[in-house]
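Structure file protein_36.cif (mmCIF, C-alpha atoms) is printed below.
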data_upload
loop_
_atom_site.group_PDB
_atom_site.id
_atom_site.type_symbol
_atom_site.label_atom_id
_atom_site.label_comp_id
_atom_site.auth_asym_id
_atom_site.auth_seq_id
_atom_site.Cartn_x
_atom_site.Cartn_y
_atom_site.Cartn_z
ATOM 1 C CA MET A 1 121.645 -143.697 65.497
ATOM 2 C CA ASP A 2 119.263 -143.132 68.365
ATOM 3 C CA GLY A 3 117.153 -146.241 67.816
ATOM 4 C CA GLU A 4 114.040 -144.394 66.677
ATOM 5 C CA ARG A 5 112.737 -145.216 63.250
ATOM 6 C CA LYS A 6 110.910 -142.456 61.446
ATOM 7 C CA THR A 7 108.077 -143.705 59.296
ATOM 8 C CA SER A 8 106.093 -141.599 56.916
ATOM 9 C CA PRO A 9 102.311 -141.811 56.614
ATOM 10 C CA SER A 10 101.262 -144.431 54.084
ATOM 11 C CA THR A 11 97.809 -143.415 52.917
ATOM 12 C CA GLU A 12 96.801 -140.283 51.076
ATOM 13 C CA ASP A 13 94.492 -139.249 53.912
ATOM 14 C CA GLU A 14 97.282 -139.648 56.473
ATOM 15 C CA ARG A 15 99.657 -137.618 54.321
ATOM 16 C CA LEU A 16 97.089 -134.855 53.896
ATOM 17 C CA LEU A 17 96.463 -134.900 57.641
ATOM 18 C CA ALA A 18 100.220 -134.571 58.263
ATOM 19 C CA ALA A 19 100.418 -131.678 55.788
ATOM 20 C CA ARG A 20 97.467 -129.963 57.469
ATOM 21 C CA ALA A 21 99.143 -130.387 60.867
ATOM 22 C CA GLY A 22 102.386 -128.906 59.527
ATOM 23 C CA LEU A 23 100.517 -125.912 58.148
ATOM 24 C CA ALA A 24 98.697 -125.440 61.461
ATOM 25 C CA LEU A 25 102.033 -125.452 63.317
ATOM 26 C CA ALA A 26 103.496 -122.971 60.851
ATOM 27 C CA ARG A 27 100.467 -120.714 61.291
ATOM 28 C CA GLN A 28 100.782 -120.911 65.067
ATOM 29 C CA ALA A 29 104.505 -120.055 64.912
ATOM 30 C CA PHE A 30 103.775 -117.145 62.570
ATOM 31 C CA MET A 31 101.066 -115.839 64.902
ATOM 32 C CA ARG A 32 103.630 -115.882 67.741
ATOM 33 C CA LEU A 33 105.969 -113.820 65.567
ATOM 34 C CA GLN A 34 103.200 -111.316 64.906
ATOM 35 C CA ALA A 35 102.441 -111.094 68.617
ATOM 36 C CA LEU A 36 106.094 -110.441 69.430
ATOM 37 C CA VAL A 37 106.329 -107.698 66.827
ATOM 38 C CA GLY A 38 103.030 -106.249 68.030
ATOM 39 C CA ALA A 39 104.376 -106.142 71.586
ATOM 40 C CA GLY A 40 107.527 -104.384 70.409
ATOM 41 C CA VAL A 41 109.769 -107.376 71.095
ATOM 42 C CA PRO A 42 112.141 -108.250 68.272
ATOM 43 C CA PRO A 43 111.799 -111.936 67.359
ATOM 44 C CA GLU A 44 114.800 -114.240 67.503
ATOM 45 C CA PRO A 45 116.105 -115.718 64.243
ATOM 46 C CA ALA A 46 115.162 -119.176 65.550
ATOM 47 C CA ASP A 47 111.523 -118.051 65.612
ATOM 48 C CA PHE A 48 111.644 -117.574 61.844
ATOM 49 C CA GLY A 49 113.328 -120.961 61.536
ATOM 50 C CA ALA A 50 110.395 -122.616 63.300
ATOM 51 C CA VAL A 51 107.971 -121.173 60.749
ATOM 52 C CA ALA A 52 110.176 -122.265 57.845
ATOM 53 C CA ALA A 53 110.676 -125.776 59.261
ATOM 54 C CA ASN A 54 106.938 -126.333 59.687
ATOM 55 C CA LEU A 55 106.240 -125.035 56.176
ATOM 56 C CA ASP A 56 108.964 -127.283 54.743
ATOM 57 C CA GLU A 57 107.479 -130.329 56.455
ATOM 58 C CA ALA A 58 104.003 -129.519 55.125
ATOM 59 C CA VAL A 59 105.361 -129.061 51.598
ATOM 60 C CA ARG A 60 107.194 -132.416 51.805
ATOM 61 C CA GLU A 61 103.968 -134.131 52.836
ATOM 62 C CA LEU A 62 102.036 -132.497 49.987
ATOM 63 C CA GLU A 63 104.738 -133.512 47.508
ATOM 64 C CA ALA A 64 104.511 -137.072 48.837
ATOM 65 C CA VAL A 65 100.780 -137.063 48.105
ATOM 66 C CA GLU A 66 101.405 -135.774 44.582
ATOM 67 C CA THR A 67 104.043 -138.395 43.801
ATOM 68 C CA ALA A 68 102.369 -141.340 45.524
ATOM 69 C CA ARG A 69 101.566 -144.127 43.127
ATOM 70 C CA PRO A 70 98.430 -146.201 43.431
ATOM 71 C CA PHE A 71 98.809 -149.889 44.183
ATOM 72 C CA ARG A 72 98.999 -152.152 41.172
ATOM 73 C CA VAL A 73 96.091 -154.311 40.043
ATOM 74 C CA LEU A 74 96.658 -157.903 41.066
ATOM 75 C CA PRO A 75 96.061 -160.845 38.763
ATOM 76 C CA GLY A 76 92.376 -161.633 38.738
ATOM 77 C CA GLY A 77 91.388 -157.964 38.451
ATOM 78 C CA LYS A 78 91.214 -157.157 42.159
ATOM 79 C CA ASP A 79 92.894 -153.932 43.131
ATOM 80 C CA ARG A 80 94.631 -153.124 46.372
ATOM 81 C CA GLY A 81 94.327 -149.624 47.775
ATOM 82 C CA GLU A 82 92.682 -147.833 44.882
ATOM 83 C CA ARG A 83 89.408 -146.114 45.501
#
Step by step, read the file and then write its structure as structure tokens.
Amino acid sequence: MDGERKTSPSTEDERLLAARAGLALARQAFMRLQALVGAGVPPEPADFGAVAANLDEAVRELEAVETARPFRVLPGGKDRGER
């Protein structure tokens, strides 16, 4: 283990922001592929992998938003985290 701990975003807004960032990176990688093809340069297989990896990360973040459960209501009727 390299000592780094990966933490996922905890709030819905943070998860949506992470998904949006992943989609933006995927779009940027795809635009690079289009530019290479437009310039007559065949893209490397790793270039396609970059697009797929960014899309996968965005999908994971969106799935996390879909499956996130709201915080439970505490005794006394006060909720934590629900809007």
Could you give me, as a PDB file with C-alpha atoms, in the coordinates of the input, the residues within 10 Å of segment 27-34 of chain A, counting only C-alpha atoms and dropping anything in the same chain fewer than 2 positions from it?
ATOM      1  CA  ALA A  21      99.143-130.387  60.867  1.00  0.00           C
ATOM      2  CA  GLY A  22     102.386-128.906  59.527  1.00  0.00           C
ATOM      3  CA  LEU A  23     100.517-125.912  58.148  1.00  0.00           C
ATOM      4  CA  ALA A  24      98.697-125.440  61.461  1.00  0.00           C
ATOM      5  CA  LEU A  25     102.033-125.452  63.317  1.00  0.00           C
ATOM      6  CA  LEU A  36     106.094-110.441  69.430  1.00  0.00           C
ATOM      7  CA  VAL A  37     106.329-107.698  66.827  1.00  0.00           C
ATOM      8  CA  GLY A  38     103.030-106.249  68.030  1.00  0.00           C
ATOM      9  CA  ALA A  39     104.376-106.142  71.586  1.00  0.00           C
ATOM     10  CA  GLY A  40     107.527-104.384  70.409  1.00  0.00           C
ATOM     11  CA  VAL A  41     109.769-107.376  71.095  1.00  0.00           C
ATOM     12  CA  PRO A  42     112.141-108.250  68.272  1.00  0.00           C
ATOM     13  CA  PRO A  43     111.799-111.936  67.359  1.00  0.00           C
ATOM     14  CA  GLU A  44     114.800-114.240  67.503  1.00  0.00           C
ATOM     15  CA  ASP A  47     111.523-118.051  65.612  1.00  0.00           C
ATOM     16  CA  PHE A  48     111.644-117.574  61.844  1.00  0.00           C
ATOM     17  CA  GLY A  49     113.328-120.961  61.536  1.00  0.00           C
ATOM     18  CA  ALA A  50     110.395-122.616  63.300  1.00  0.00           C
ATOM     19  CA  VAL A  51     107.971-121.173  60.749  1.00  0.00           C
ATOM     20  CA  ALA A  52     110.176-122.265  57.845  1.00  0.00           C
ATOM     21  CA  ASN A  54     106.938-126.333  59.687  1.00  0.00           C
ATOM     22  CA  LEU A  55     106.240-125.035  56.176  1.00  0.00           C
TER      23      LEU A  55
END
Point-to-point distance from atom CA of Leu62 of chain A to atom CA of Ala46 of chain A, Å rounded to tenths: 24.3 Å
Å distance separating atom CA of Ala58 of chain A from atom CA of Glu14 of chain A, one decimal place: 12.2 Å
Residues selected by the PyMOL selection byres ((chain A and resi 60) around 12), written as a PyMOL selection string: chain A and resi 8-9+15-16+18-20+22-23+53-59+61-68
For the residues in the current selection, export C-alpha atoms as a PDB file, in the coordinates of the input.
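Output (result.pdb):
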ATOM      1  CA  SER A   8     106.093-141.599  56.916  1.00  0.00           C
ATOM      2  CA  PRO A   9     102.311-141.811  56.614  1.00  0.00           C
ATOM      3  CA  ARG A  15      99.657-137.618  54.321  1.00  0.00           C
ATOM      4  CA  LEU A  16      97.089-134.855  53.896  1.00  0.00           C
ATOM      5  CA  ALA A  18     100.220-134.571  58.263  1.00  0.00           C
ATOM      6  CA  ALA A  19     100.418-131.678  55.788  1.00  0.00           C
ATOM      7  CA  ARG A  20      97.467-129.963  57.469  1.00  0.00           C
ATOM      8  CA  GLY A  22     102.386-128.906  59.527  1.00  0.00           C
ATOM      9  CA  LEU A  23     100.517-125.912  58.148  1.00  0.00           C
ATOM     10  CA  ALA A  53     110.676-125.776  59.261  1.00  0.00           C
ATOM     11  CA  ASN A  54     106.938-126.333  59.687  1.00  0.00           C
ATOM     12  CA  LEU A  55     106.240-125.035  56.176  1.00  0.00           C
ATOM     13  CA  ASP A  56     108.964-127.283  54.743  1.00  0.00           C
ATOM     14  CA  GLU A  57     107.479-130.329  56.455  1.00  0.00           C
ATOM     15  CA  ALA A  58     104.003-129.519  55.125  1.00  0.00           C
ATOM     16  CA  VAL A  59     105.361-129.061  51.598  1.00  0.00           C
ATOM     17  CA  GLU A  61     103.968-134.131  52.836  1.00  0.00           C
ATOM     18  CA  LEU A  62     102.036-132.497  49.987  1.00  0.00           C
ATOM     19  CA  GLU A  63     104.738-133.512  47.508  1.00  0.00           C
ATOM     20  CA  ALA A  64     104.511-137.072  48.837  1.00  0.00           C
ATOM     21  CA  VAL A  65     100.780-137.063  48.105  1.00  0.00           C
ATOM     22  CA  GLU A  66     101.405-135.774  44.582  1.00  0.00           C
ATOM     23  CA  THR A  67     104.043-138.395  43.801  1.00  0.00           C
ATOM     24  CA  ALA A  68     102.369-141.340  45.524  1.00  0.00           C
TER      25      ALA A  68
END
Put segment 38-65 of chain A into a file with N, CA and C atoms, as an mmCIF file, in the first residue's frame.
data_model
loop_
_atom_site.group_PDB
_atom_site.id
_atom_site.type_symbol
_atom_site.label_atom_id
_atom_site.label_comp_id
_atom_site.auth_asym_id
_atom_site.auth_seq_id
_atom_site.Cartn_x
_atom_site.Cartn_y
_atom_site.Cartn_z
ATOM 1 N N GLY A 38 -8.734 14.008 -37.110
ATOM 2 C CA GLY A 38 -8.845 15.112 -38.062
ATOM 3 C C GLY A 38 -7.509 15.496 -38.671
ATOM 4 N N ALA A 39 -6.437 15.327 -37.904
ATOM 5 C CA ALA A 39 -5.095 15.651 -38.403
ATOM 6 C C ALA A 39 -4.471 14.477 -39.156
ATOM 7 N N GLY A 40 -5.199 13.377 -39.259
ATOM 8 C CA GLY A 40 -4.679 12.221 -39.972
ATOM 9 C C GLY A 40 -3.723 11.367 -39.164
ATOM 10 N N VAL A 41 -3.711 11.563 -37.859
ATOM 11 C CA VAL A 41 -2.831 10.785 -36.977
ATOM 12 C C VAL A 41 -3.675 9.706 -36.304
ATOM 13 N N PRO A 42 -3.297 8.455 -36.475
ATOM 14 C CA PRO A 42 -4.089 7.403 -35.819
ATOM 15 C C PRO A 42 -3.889 7.443 -34.300
ATOM 16 N N PRO A 43 -4.983 7.453 -33.538
ATOM 17 C CA PRO A 43 -4.856 7.492 -32.086
ATOM 18 C C PRO A 43 -4.317 6.169 -31.530
ATOM 19 N N GLU A 44 -3.648 6.265 -30.405
ATOM 20 C CA GLU A 44 -3.146 5.087 -29.713
ATOM 21 C C GLU A 44 -4.300 4.424 -28.953
ATOM 22 N N PRO A 45 -4.231 3.125 -28.738
ATOM 23 C CA PRO A 45 -5.273 2.464 -27.951
ATOM 24 C C PRO A 45 -5.429 3.061 -26.545
ATOM 25 N N ALA A 46 -4.341 3.529 -25.962
ATOM 26 C CA ALA A 46 -4.411 4.138 -24.632
ATOM 27 C C ALA A 46 -5.274 5.399 -24.638
ATOM 28 N N ASP A 47 -5.345 6.081 -25.774
ATOM 29 C CA ASP A 47 -6.189 7.273 -25.865
ATOM 30 C C ASP A 47 -7.658 6.912 -25.671
ATOM 31 N N PHE A 48 -8.067 5.773 -26.229
ATOM 32 C CA PHE A 48 -9.440 5.313 -26.047
ATOM 33 C C PHE A 48 -9.662 4.877 -24.602
ATOM 34 N N GLY A 49 -8.622 4.309 -23.996
ATOM 35 C CA GLY A 49 -8.709 3.907 -22.598
ATOM 36 C C GLY A 49 -8.929 5.085 -21.673
ATOM 37 N N ALA A 50 -8.335 6.223 -21.990
ATOM 38 C CA ALA A 50 -8.513 7.425 -21.170
ATOM 39 C C ALA A 50 -9.968 7.888 -21.199
ATOM 40 N N VAL A 51 -10.577 7.839 -22.368
ATOM 41 C CA VAL A 51 -11.994 8.215 -22.484
ATOM 42 C C VAL A 51 -12.838 7.251 -21.657
ATOM 43 N N ALA A 52 -12.604 5.962 -21.819
ATOM 44 C CA ALA A 52 -13.393 4.954 -21.107
ATOM 45 C C ALA A 52 -13.199 5.076 -19.589
ATOM 46 N N ALA A 53 -11.987 5.313 -19.146
ATOM 47 C CA ALA A 53 -11.729 5.424 -17.703
ATOM 48 C C ALA A 53 -12.459 6.613 -17.100
ATOM 49 N N ASN A 54 -12.456 7.744 -17.795
ATOM 50 C CA ASN A 54 -13.150 8.928 -17.290
ATOM 51 C C ASN A 54 -14.664 8.720 -17.285
ATOM 52 N N LEU A 55 -15.188 8.051 -18.305
ATOM 53 C CA LEU A 55 -16.619 7.755 -18.333
ATOM 54 C C LEU A 55 -16.987 6.787 -17.214
ATOM 55 N N ASP A 56 -16.164 5.780 -16.983
ATOM 56 C CA ASP A 56 -16.422 4.826 -15.903
ATOM 57 C C ASP A 56 -16.468 5.521 -14.551
ATOM 58 N N GLU A 57 -15.524 6.422 -14.317
ATOM 59 C CA GLU A 57 -15.492 7.143 -13.043
ATOM 60 C C GLU A 57 -16.745 7.994 -12.868
ATOM 61 N N ALA A 58 -17.180 8.658 -13.928
ATOM 62 C CA ALA A 58 -18.387 9.482 -13.850
ATOM 63 C C ALA A 58 -19.612 8.616 -13.577
ATOM 64 N N VAL A 59 -19.691 7.464 -14.214
ATOM 65 C CA VAL A 59 -20.825 6.560 -13.995
ATOM 66 C C VAL A 59 -20.824 6.052 -12.550
ATOM 67 N N ARG A 60 -19.656 5.722 -12.013
ATOM 68 C CA ARG A 60 -19.573 5.273 -10.614
ATOM 69 C C ARG A 60 -20.071 6.360 -9.665
ATOM 70 N N GLU A 61 -19.698 7.599 -9.936
ATOM 71 C CA GLU A 61 -20.156 8.694 -9.079
ATOM 72 C C GLU A 61 -21.671 8.878 -9.173
ATOM 73 N N LEU A 62 -22.217 8.773 -10.382
ATOM 74 C CA LEU A 62 -23.668 8.899 -10.544
ATOM 75 C C LEU A 62 -24.393 7.746 -9.853
ATOM 76 N N GLU A 63 -23.854 6.545 -9.954
ATOM 77 C CA GLU A 63 -24.458 5.405 -9.263
ATOM 78 C C GLU A 63 -24.401 5.596 -7.756
ATOM 79 N N ALA A 64 -23.330 6.205 -7.257
ATOM 80 C CA ALA A 64 -23.221 6.470 -5.824
ATOM 81 C C ALA A 64 -24.300 7.444 -5.376
ATOM 82 N N VAL A 65 -24.615 8.418 -6.214
ATOM 83 C CA VAL A 65 -25.678 9.372 -5.886
ATOM 84 C C VAL A 65 -27.013 8.649 -5.847
#
